[in-house]
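> One structure, as structure tokens, below. Some questions next.
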Amino acid sequence: MTAFSHGPITEIQSNAANVHAFRIVGHIDDDASEALAEHMNRVFDQQDEVNMLLDMTAFTGSDWDSMLDGDVISSRFRALRHVKKYAVVGAPDRAAKMIGFMDKVIPVEAKAFDAADIAQAWAFVGTQPLSHTSAA
């Protein structure tokens with residue numbers, strides 16, 4: 001599968017086929033959110049178990065209504081079956097707290113990492129980036 005890139009979201013390549021990592025730079029609009037959801041739905045069609053990493057160290061916000069798109073809703077529900085480990089780096093404080101809470105109630109092992117702990121986040125998902133396209 002080719003690397004995903006759409007607007008503020010760029011896939012970070014690694015040597016692990018089951019790890020899907022993305023760097024978000026700036027604001028996520030409806031189109032970017034839907035494009036990522038469509039991409040992950042295709043991934044879920046091809047791979048039964050994956051780990052995910054989101055580098056949000058340069059994230060500035062998102063459109064709230066983007067969460068209401070059908071593909072976005074579908075990918076989030078499908079993630080509960082397909083994603084085993086989910087790491088988020090540099091999430092806003094409220095989001096990091098929610099990830100910590102959700103880790104206790106969903107079947108996905110989810111952890112939030114501070115920007116300085118990005119190497120630990122990569123270790124958590126079981127690989128390292130092929131290049132230094134993510135914040136170090």
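In the structure tokens, the first chain shown is A, the next is B, and so on; residue numbers restart at 1 for each chain, and ligands run from 1 in the order shown.
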Near A:Arg42, counting only C-alpha atoms, which residues have an atom at most 12 Å away, once you skip same-chain residues fewer than 6 positions from it, shown as a PyMOL selection string?

chain A and resi 1-2+4+35-36+48+71+74-75+78-79+82

> What's around A:Ile106 at 9 Å? Count only C-alpha atoms, leave out sequence neighbours fewer than 4 positions away in its own chain, and write the answer as number ranges by chain.

A: 80, 102, 110

> Using only C-alpha atoms, which protein or nucleic acid residues come within 9 Å of A:Pro107? Drop anything in the same chain fewer than 5 positions from it, and give the result as an MDAnalysis selection string.

chainID A and resid 80:81 83:84

> With C-alpha atoms retained, write the just-selected residues as a compact mmCIF listing (two decimals), in the first residue's frame.


```
# COMPACT_ATOMS: atom_id res chain seq x y z
CA LEU A 80 -12.01 -1.27 17.88
CA ARG A 81 -11.64 -4.66 16.14
CA VAL A 83 -6.20 -1.76 16.20
CA LYS A 84 -4.27 -3.45 18.98
```

> Quick check, in Å to one decimal: how far apart do atom CA of A:Met40 and atom CA of A:Ala116 lie?

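So the two atoms, atom CA of A:Met40 and atom CA of A:Ala116, lie 26.9 Å apart.
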
> Which residues, written as a list in words, have at least one atom at most 7 Å from A:Thr57, with only C-alpha atoms counted and residues fewer than 4 positions away on the same chain left out?

Val89, Gly90, Ala91 and Ala115 of chain A

> Quick check, in Å to one decimal: how far apart do atom CA of A:Ser62 and atom CA of A:Phe124 lie?

25.8 Å

> Near A:Ser33, within 10 Å and counting only C-alpha atoms, which residues show up once chain neighbours fewer than 3 positions away are dropped, as a list in words?

His6, Gly7, Pro8, Ile9, Ile28, Asp29, Asp30, Leu36, Ala37, Glu38, His39, Ser62, Asp63, Asp65, Ser66, Met67, Asp69, Asp71 and Val72 of chain A

> Can you check which residues of chain A DSSP gives as helix (DSSP H, G or I) on the backbone and send them as a ChimeraX atom specification?

/A:30-46,64-68,70-82,93-105,115-125

> Show me, as an MDAnalysis selection string, the residues that have an atom within 8 Å of A:Lys111 when counting only C-alpha atoms, minus same-chain residues fewer than 3 positions from it.

chainID A and resid 86:88 96 99:100 103

> Just to confirm, what's the straight-line distance from atom CA of A:Val19 to atom CA of A:Ile118 in Å (one decimal)?

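It comes out at 14.9 Å.
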
> Could you pull the residues within 6 Å of A:Phe59, counting only C-alpha atoms, minus those fewer than 4 positions along the same chain, as a list in words?

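The neighbour list is Ile24, Val25 and Gly26 of chain A.
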
> Would you return as number ranges by chain the members of chain A that DSSP assigns to strand (DSSP E or B) on this structure's backbone?

A: 5-6, 9-12, 14, 19-28, 50-62, 83-89, 109-113, 129

> Write the selection just made, keeping C-alpha atoms, as a tab-separated table (two decimals), in the first residue's frame?


```
chain	number	residue	atom	x	y	z
A	5	SER	CA	-0.85	11.95	2.36
A	6	HIS	CA	-3.76	14.37	2.34
A	9	ILE	CA	-1.88	14.42	7.37
A	10	THR	CA	1.18	12.51	6.15
A	11	GLU	CA	1.96	8.86	6.75
A	12	ILE	CA	5.29	8.17	8.44
A	14	SER	CA	8.37	2.36	9.12
A	19	VAL	CA	2.13	-0.16	11.90
A	20	HIS	CA	0.35	2.85	10.43
A	21	ALA	CA	1.76	6.13	11.67
A	22	PHE	CA	0.72	9.64	10.73
A	23	ARG	CA	2.00	13.15	11.39
A	24	ILE	CA	-0.57	15.92	11.56
A	25	VAL	CA	0.66	19.43	10.83
A	26	GLY	CA	-1.87	22.19	11.26
A	27	HIS	CA	-5.66	22.03	11.14
A	28	ILE	CA	-7.65	18.93	10.09
A	50	VAL	CA	-2.58	-3.14	13.17
A	51	ASN	CA	-0.90	-0.70	15.51
A	52	MET	CA	-1.27	3.04	15.01
A	53	LEU	CA	0.73	6.11	15.98
A	54	LEU	CA	-0.40	9.72	15.60
A	55	ASP	CA	2.20	12.46	15.92
A	56	MET	CA	0.14	15.51	16.90
A	57	THR	CA	3.05	17.70	17.99
A	58	ALA	CA	2.24	20.22	15.23
A	59	PHE	CA	-1.57	19.77	15.33
A	60	THR	CA	-3.55	23.02	15.69
A	61	GLY	CA	-7.16	21.79	15.72
A	62	SER	CA	-9.93	20.18	13.72
A	83	VAL	CA	-6.20	-1.76	16.20
A	84	LYS	CA	-4.27	-3.45	18.98
A	85	LYS	CA	-2.02	-0.56	20.09
A	86	TYR	CA	-2.69	3.13	19.59
A	87	ALA	CA	-0.09	5.77	20.49
A	88	VAL	CA	-0.72	9.50	20.33
A	89	VAL	CA	2.21	11.88	20.67
A	109	GLU	CA	-4.27	-0.55	24.25
A	110	ALA	CA	-4.13	3.25	23.95
A	111	LYS	CA	-1.49	5.59	25.37
A	112	ALA	CA	-0.74	9.29	25.11
A	113	PHE	CA	2.89	10.39	25.06
A	129	PRO	CA	10.30	5.48	11.67
```
